[in-house]
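**Student:** Next comes the structure file upload-v4.pdb, holding PDB, C-alpha atoms.
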```pdb
ATOM      1  CA  MET R   1     155.477  27.932-143.439
ATOM      2  CA  THR R   2     153.039  26.810-140.778
ATOM      3  CA  HIS R   3     149.745  25.244-141.595
ATOM      4  CA  GLN R   4     146.387  25.760-139.939
ATOM      5  CA  VAL R   5     144.125  23.035-138.637
ATOM      6  CA  HIS R   6     140.546  24.260-138.340
ATOM      7  CA  ALA R   7     139.103  21.764-135.830
ATOM      8  CA  PHE R   8     135.419  21.573-134.946
ATOM      9  CA  GLU R   9     134.848  18.773-132.463
ATOM     10  CA  PRO R  10     131.822  18.956-132.675
ATOM     11  CA  PRO R  11     130.622  21.850-134.841
ATOM     12  CA  GLU R  12     127.393  23.731-134.223
ATOM     13  CA  ARG R  13     126.686  23.294-137.954
ATOM     14  CA  PHE R  14     128.464  21.372-140.718
ATOM     15  CA  VAL R  15     126.942  21.402-144.194
ATOM     16  CA  ALA R  16     127.644  21.136-147.894
ATOM     17  CA  GLY R  17     126.309  24.010-149.969
ATOM     18  CA  THR R  18     126.760  26.018-153.127
ATOM     19  CA  VAL R  19     127.094  29.563-154.340
ATOM     20  CA  GLY R  20     126.039  30.495-157.857
ATOM     21  CA  ALA R  21     123.540  29.477-160.502
ATOM     22  CA  PRO R  22     123.265  25.862-161.742
ATOM     23  CA  GLY R  23     126.065  25.212-164.186
ATOM     24  CA  GLU R  24     128.233  27.832-162.503
ATOM     25  CA  ARG R  25     127.976  26.667-158.892
ATOM     26  CA  THR R  26     130.914  26.543-156.516
ATOM     27  CA  PHE R  27     130.608  23.827-153.883
ATOM     28  CA  PHE R  28     131.632  24.369-150.269
ATOM     29  CA  LEU R  29     131.907  22.517-147.008
ATOM     30  CA  GLN R  30     131.140  24.924-144.190
ATOM     31  CA  ALA R  31     131.687  24.448-140.458
ATOM     32  CA  ARG R  32     130.516  26.817-137.742
ATOM     33  CA  GLY R  33     131.213  26.692-134.031
ATOM     34  CA  GLY R  34     132.770  28.605-131.180
ATOM     35  CA  GLY R  35     132.305  31.926-132.953
ATOM     36  CA  ARG R  36     134.252  30.721-136.000
ATOM     37  CA  LEU R  37     133.061  30.098-139.557
ATOM     38  CA  VAL R  38     135.227  28.144-142.015
ATOM     39  CA  SER R  39     134.312  27.494-145.666
ATOM     40  CA  VAL R  40     136.404  25.324-147.976
ATOM     41  CA  ALA R  41     135.769  24.903-151.707
ATOM     42  CA  LEU R  42     135.649  21.551-153.467
ATOM     43  CA  GLU R  43     134.305  19.893-156.591
ATOM     44  CA  LYS R  44     130.780  18.542-157.047
ATOM     45  CA  VAL R  45     132.122  15.015-157.488
ATOM     46  CA  GLN R  46     133.962  15.303-154.148
ATOM     47  CA  VAL R  47     130.709  16.205-152.363
ATOM     48  CA  SER R  48     128.933  13.283-154.024
ATOM     49  CA  LEU R  49     131.707  10.821-153.144
ATOM     50  CA  LEU R  50     131.916  12.161-149.590
ATOM     51  CA  ALA R  51     128.216  11.426-149.039
ATOM     52  CA  GLU R  52     128.581   7.956-150.556
ATOM     53  CA  LYS R  53     131.680   7.058-148.528
ATOM     54  CA  LEU R  54     130.178   8.401-145.287
ATOM     55  CA  GLU R  55     127.196   6.094-145.801
ATOM     56  CA  GLU R  56     129.582   3.175-146.334
ATOM     57  CA  LEU R  57     131.582   4.167-143.237
ATOM     58  CA  LEU R  58     128.455   4.198-141.048
ATOM     59  CA  THR R  59     127.373   0.802-142.383
ATOM     60  CA  GLU R  60     130.838  -0.644-141.728
ATOM     61  CA  ALA R  61     130.945   0.857-138.206
ATOM     62  CA  GLN R  62     127.622  -0.798-137.445
ATOM     63  CA  ARG R  63     128.781  -4.140-138.842
ATOM     64  CA  ARG R  64     132.217  -4.202-137.189
ATOM     65  CA  PHE R  65     131.651  -2.345-133.927
ATOM     66  CA  GLY R  66     127.906  -2.697-133.309
ATOM     67  CA  VAL R  67     127.333   1.062-133.456
ATOM     68  CA  GLN R  68     123.648   1.965-133.243
ATOM     69  CA  LEU R  69     122.793   3.975-136.315
ATOM     70  CA  PRO R  70     119.870   6.368-136.573
ATOM     71  CA  GLU R  71     117.190   5.669-139.128
ATOM     72  CA  ALA R  72     117.616   7.299-142.511
ATOM     73  CA  VAL R  73     116.613  10.956-142.366
ATOM     74  CA  THR R  74     113.148  11.436-143.841
ATOM     75  CA  SER R  75     112.557  15.080-142.951
ATOM     76  CA  VAL R  76     114.062  17.991-144.857
ATOM     77  CA  GLY R  77     116.367  18.974-141.966
ATOM     78  CA  ASP R  78     118.804  21.853-142.447
ATOM     79  CA  ASN R  79     117.892  23.449-145.747
ATOM     80  CA  ASP R  80     119.172  26.933-144.922
ATOM     81  CA  PRO R  81     121.710  28.611-147.203
ATOM     82  CA  LEU R  82     125.374  28.770-146.300
ATOM     83  CA  ASP R  83     126.256  31.253-143.574
ATOM     84  CA  THR R  84     127.732  34.497-144.844
ATOM     85  CA  PRO R  85     130.335  35.637-145.554
ATOM     86  CA  VAL R  86     131.398  32.622-147.627
ATOM     87  CA  ASP R  87     135.153  33.216-147.726
ATOM     88  CA  GLU R  88     137.122  30.317-149.186
ATOM     89  CA  GLU R  89     139.884  29.292-146.759
ATOM     90  CA  PHE R  90     141.351  26.836-149.287
ATOM     91  CA  ARG R  91     140.420  24.416-152.080
ATOM     92  CA  VAL R  92     140.171  20.797-150.976
ATOM     93  CA  GLY R  93     142.579  18.354-152.585
ATOM     94  CA  THR R  94     142.116  15.317-150.344
ATOM     95  CA  LEU R  95     139.304  14.094-148.121
ATOM     96  CA  GLY R  96     139.910  11.675-145.265
ATOM     97  CA  LEU R  97     137.352   9.716-143.237
ATOM     98  CA  ALA R  98     137.662   7.747-140.017
ATOM     99  CA  PHE R  99     135.433   6.301-137.329
ATOM    100  CA  ASP R 100     136.540   6.857-133.732
ATOM    101  CA  VAL R 101     135.321   3.805-131.812
ATOM    102  CA  ASP R 102     136.058   5.330-128.386
ATOM    103  CA  THR R 103     133.724   8.289-128.906
ATOM    104  CA  ALA R 104     131.461   6.675-131.567
ATOM    105  CA  THR R 105     132.005   9.644-133.867
ATOM    106  CA  VAL R 106     132.876  10.147-137.512
ATOM    107  CA  VAL R 107     135.961  12.228-138.281
ATOM    108  CA  ILE R 108     136.063  14.085-141.603
ATOM    109  CA  GLU R 109     139.263  15.791-142.666
ATOM    110  CA  ALA R 110     139.475  18.048-145.716
ATOM    111  CA  ILE R 111     143.087  18.755-146.708
ATOM    112  CA  ALA R 112     144.064  21.646-148.949
ATOM    113  CA  ALA R 113     145.330  21.026-152.446
ATOM    114  CA  GLY R 114     148.943  22.079-152.596
ATOM    115  CA  GLU R 115     151.546  22.850-155.216
ATOM    116  CA  ALA R 116     153.624  19.939-153.939
ATOM    117  CA  GLU R 117     150.717  17.600-154.686
ATOM    118  CA  THR R 118     150.783  18.659-158.338
ATOM    119  CA  GLU R 119     154.548  18.241-158.551
ATOM    120  CA  VAL R 120     154.362  14.689-157.196
ATOM    121  CA  GLU R 121     151.690  13.724-159.706
ATOM    122  CA  LEU R 122     153.605  15.236-162.608
ATOM    123  CA  GLY R 123     157.029  13.973-161.523
ATOM    124  CA  GLY R 124     159.072  11.818-163.905
ATOM    125  CA  GLY R 125     159.127   8.035-163.797
ATOM    126  CA  ASP R 126     162.901   7.809-163.146
ATOM    127  CA  GLU R 127     162.511   7.885-159.367
ATOM    128  CA  ASP R 128     162.011   4.796-157.238
ATOM    129  CA  GLU R 129     158.472   4.068-156.029
ATOM    130  CA  ASP R 130     159.655   4.351-152.418
ATOM    131  CA  ASP R 131     160.737   7.952-153.066
ATOM    132  CA  ASP R 132     157.265   8.779-154.428
ATOM    133  CA  GLU R 133     155.634   7.405-151.289
ATOM    134  CA  ASP R 134     157.829   9.600-149.102
ATOM    135  CA  ASP R 135     156.959  12.624-151.234
ATOM    136  CA  ASP R 136     153.228  11.868-150.886
ATOM    137  CA  GLU R 137     153.405  11.919-147.105
ATOM    138  CA  GLU R 138     155.562  15.002-146.561
ATOM    139  CA  PRO R 139     153.448  17.690-148.322
ATOM    140  CA  ASP R 140     150.283  16.767-146.369
ATOM    141  CA  GLU R 141     151.950  17.824-143.142
ATOM    142  CA  ASP R 142     152.375  21.389-144.411
ATOM    143  CA  LEU R 143     148.860  21.844-145.809
ATOM    144  CA  ASP R 144     145.895  23.542-144.170
ATOM    145  CA  ARG R 145     143.044  21.283-143.131
ATOM    146  CA  LEU R 146     139.513  21.306-141.817
ATOM    147  CA  ARG R 147     138.761  18.589-139.267
ATOM    148  CA  VAL R 148     135.200  17.898-138.132
ATOM    149  CA  ARG R 149     133.920  15.304-135.652
ATOM    150  CA  LEU R 150     130.249  14.307-136.057
ATOM    151  CA  THR R 151     127.844  11.963-134.288
ATOM    152  CA  PRO R 152     126.213   9.278-136.459
ATOM    153  CA  GLU R 153     122.966  11.327-136.372
ATOM    154  CA  ALA R 154     124.723  14.489-137.571
ATOM    155  CA  THR R 155     126.528  12.426-140.221
ATOM    156  CA  ARG R 156     123.210  11.131-141.592
ATOM    157  CA  GLU R 157     121.867  14.693-141.748
ATOM    158  CA  PHE R 158     125.025  15.820-143.578
ATOM    159  CA  ILE R 159     124.682  12.942-146.082
ATOM    160  CA  GLU R 160     121.060  13.802-146.898
ATOM    161  CA  ARG R 161     121.789  17.499-147.368
ATOM    162  CA  ALA R 162     124.872  16.769-149.506
ATOM    163  CA  ARG R 163     122.783  14.546-151.780
ATOM    164  CA  ARG R 164     120.096  17.237-152.106
ATOM    165  CA  VAL R 165     122.730  19.851-152.959
ATOM    166  CA  VAL R 166     124.347  17.659-155.633
ATOM    167  CA  ASN R 167     120.975  16.739-157.177
ATOM    168  CA  ALA R 168     119.736  20.355-157.210
ATOM    169  CA  GLY R 169     121.857  21.245-160.225
ATOM    170  CA  ARG R 170     121.093  21.012-163.901
ATOM    171  CA  PRO R 171     118.987  18.012-164.930
ATOM    172  CA  PRO R 172     120.803  15.268-166.857
ATOM    173  CA  CYS R 173     120.225  14.610-170.544
ATOM    174  CA  PRO R 174     118.058  11.474-170.866
ATOM    175  CA  LEU R 175     120.309  10.176-173.648
ATOM    176  CA  CYS R 176     123.885  10.819-172.550
ATOM    177  CA  GLY R 177     123.594  11.824-168.880
ATOM    178  CA  GLN R 178     125.524  15.079-169.281
ATOM    179  CA  PRO R 179     124.002  18.162-167.645
ATOM    180  CA  LEU R 180     121.481  20.112-169.715
ATOM    181  CA  ASP R 181     121.940  23.860-169.934
ATOM    182  CA  PRO R 182     118.777  25.994-170.197
ATOM    183  CA  ALA R 183     119.525  26.367-173.927
ATOM    184  CA  GLY R 184     120.194  22.622-174.331
ATOM    185  CA  HIS R 185     123.534  21.005-175.178
ATOM    186  CA  LEU R 186     125.458  19.251-177.911
ATOM    187  CA  CYS R 187     124.529  15.635-177.278
ATOM    188  CA  PRO R 188     127.123  13.034-178.318
ATOM    189  CA  ARG R 189     124.294  10.520-178.770
ATOM    190  CA  HIS R 190     122.866  12.782-181.503
ATOM    191  CA  ASN R 191     126.227  13.057-183.274
ATOM    192  CA  GLY R 192     126.769  16.579-181.951
ATOM    193  CA  TYR R 193     123.408  18.010-182.935
ATOM    194  CA  HIS R 194     121.973  20.558-180.532
ATOM    195  CA  ARG R 195     119.413  19.022-178.153
TER     196      ARG R 195
END
```
Output the structure of this file as structure tokens.

**Tutor:**
Amino acid sequence: MTHQVHAFEPPERFVAGTVGAPGERTFFLQARGGGRLVSVALEKVQVSLLAEKLEELLTEAQRRFGVQLPEAVTSVGDNDPLDTPVDEEFRVGTLGLAFDVDTATVVIEAIAAGEAETEVELGGGDEDEDDDEDDDEEPDEDLDRLRVRLTPEATREFIERARRVVNAGRPPCPLCGQPLDPAGHLCPRHNGYHR
């Protein structure tokens, strides 16, 4: 079975966004360009980690390669909703980041979660470690992926929007940090009493 690589180098728009009410939101990465629109679903923690690791990547690129970074974004920037229709191409299993020194761009690759990935994780311990490494590499080649190339400025804008999207959900409980539903929640710090 052939896999698809949805490449946007560069996209007209690349954002993180959600569909649904807080507590029931589905997170997406969405790229638009050249008359195409691709949306891939992922977890909230993946969006949060992506923003964090992109910030680290930009800092490291500046330190190692002398890349001029834009100032931190202070304006609201792109706050528009996701483009419609939001049709999930695939669910992201792995995110990859790289900095291309030749073009001074950030490359983000979102790779689909596959059945083979689950089998490798659940496989028995009787196999050699070398066999597991080979299994890890082979399934990735057959999985769909979204590849986006961004300038440092566009990367900063993506980071700020991703952080706003993650923080726009349910507020955390001041005692345990778990998200509060509108009706409250069973707080472990209150021995399970409703808060």

**Student:** Please determine, counting all atoms listed in the file, which residue among R:His190, R:Lys53, R:Arg170, R:Arg64 has the shortest atom-to-atom distance to Arg156 in chain R.

**Tutor:** R:Lys53

**Student:** With only C-alpha atoms as the basis for distance, which of R:Cys173, R:Ala7, R:Leu42, R:Ile159 is at the shortest distance from Gly93 in chain R?

**Tutor:**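 Counting only C-alpha atoms, the residue closest to Gly93 in chain R is R:Leu42.
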
**Student:** Could you check which of R:Ala162, R:Leu58, R:Cys187, R:Ala21 is closest to Lys44 in chain R, using all atoms listed in the file?

**Tutor:** R:Ala162

**Student:** List as a list in words the residues having at least one atom at most 8 Å from position (138.9, 19.6, -142.0) as given in the file, counting all atoms listed in the file.

**Tutor:**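 Those residues lying close to the given coordinates are Val5, His6, Ala7, Ile108, Glu109, Ala110, Ile111, Arg145, Leu146, Arg147 and Val148 of chain R.
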
**Student:** Nearest to Pro70 in chain R among R:Val166, R:Leu49, R:Ala154, R:Val107, with distances taken over only C-alpha atoms: which residue is it?

**Tutor:**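 Distance minimum relative to Pro70 in chain R lands on R:Ala154.
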
**Student:** Need to verify the contact set: Leu175 in chain R, 12 Å, only C-alpha atoms, exclusion of same-chain residues closer than 4 positions in sequence. Can you return it as a PyMOL selection string?

**Tutor:** chain R and resi 171+179-180+185-191+195

**Student:** Mind giving me the straight-line distance from CA of Glu52 in chain R to CA of Pro85 in chain R in Å, one decimal?

**Tutor:**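 Going from CA of Glu52 in chain R over to CA of Pro85 in chain R covers 28.2 Å.
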
**Student:** What is the CA of Glu89 in chain R-CA of Glu55 in chain R distance in Å, reported with one decimal?

**Tutor:**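 Rounded to one decimal, the two atoms are 26.5 Å apart.
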
**Student:** Which residues, written as a ChimeraX atom specification, have at least one atom at most 12 Å from Gln68 in chain R, with only C-alpha atoms counted and residues fewer than 6 positions away on the same chain left out?

**Tutor:** /R:58-62,101,104-105,151-153

**Student:** Could you check the closest approach to Pro22 in chain R for each of R:Ala168, R:Val106, R:Val38, R:Leu97 and tell me which residue wins, using all atoms listed in the file?

**Tutor:**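 Of R:Ala168, R:Val106, R:Val38, R:Leu97, the one nearest Pro22 in chain R, counting all atoms listed in the file, is R:Ala168.
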
**Student:** Fewer than 4 positions away in the same chain doesn't count, so skip those; otherwise give me all residues within 9 Å of Phe28 in chain R, counting all atoms listed in the file, as a list in words.

**Tutor:**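 Residues near the query, excluding close chain neighbours: Val15, Ala16, Gly17, Thr18, Val19, Ser39, Val40, Ala41, Leu42, Glu43, Lys44, Val47, Leu82, Val86, Glu88 and Arg91 of chain R.
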
**Student:** Considering only C-alpha atoms, state which residue in the set R:Gly169, R:Gly35, R:Gly77, R:Pro174 is at the smallest distance from Gly20 in chain R.

**Tutor:**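 Under the stated criterion, the closest residue is R:Gly169.
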
**Student:** One decimal, Å: what's the distance from CA of Leu95 in chain R over to CA of Cys176 in chain R, could you say?

**Tutor:**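 CA of Cys176 in chain R lies at a distance of 29.1 Å from CA of Leu95 in chain R.
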
**Student:** Which residues fall under the PyMOL selection byres ((chain R and resi 32) around 10) in this file, as number ranges by chain?

**Tutor:** R: 8, 10-15, 30-31, 33-39, 83
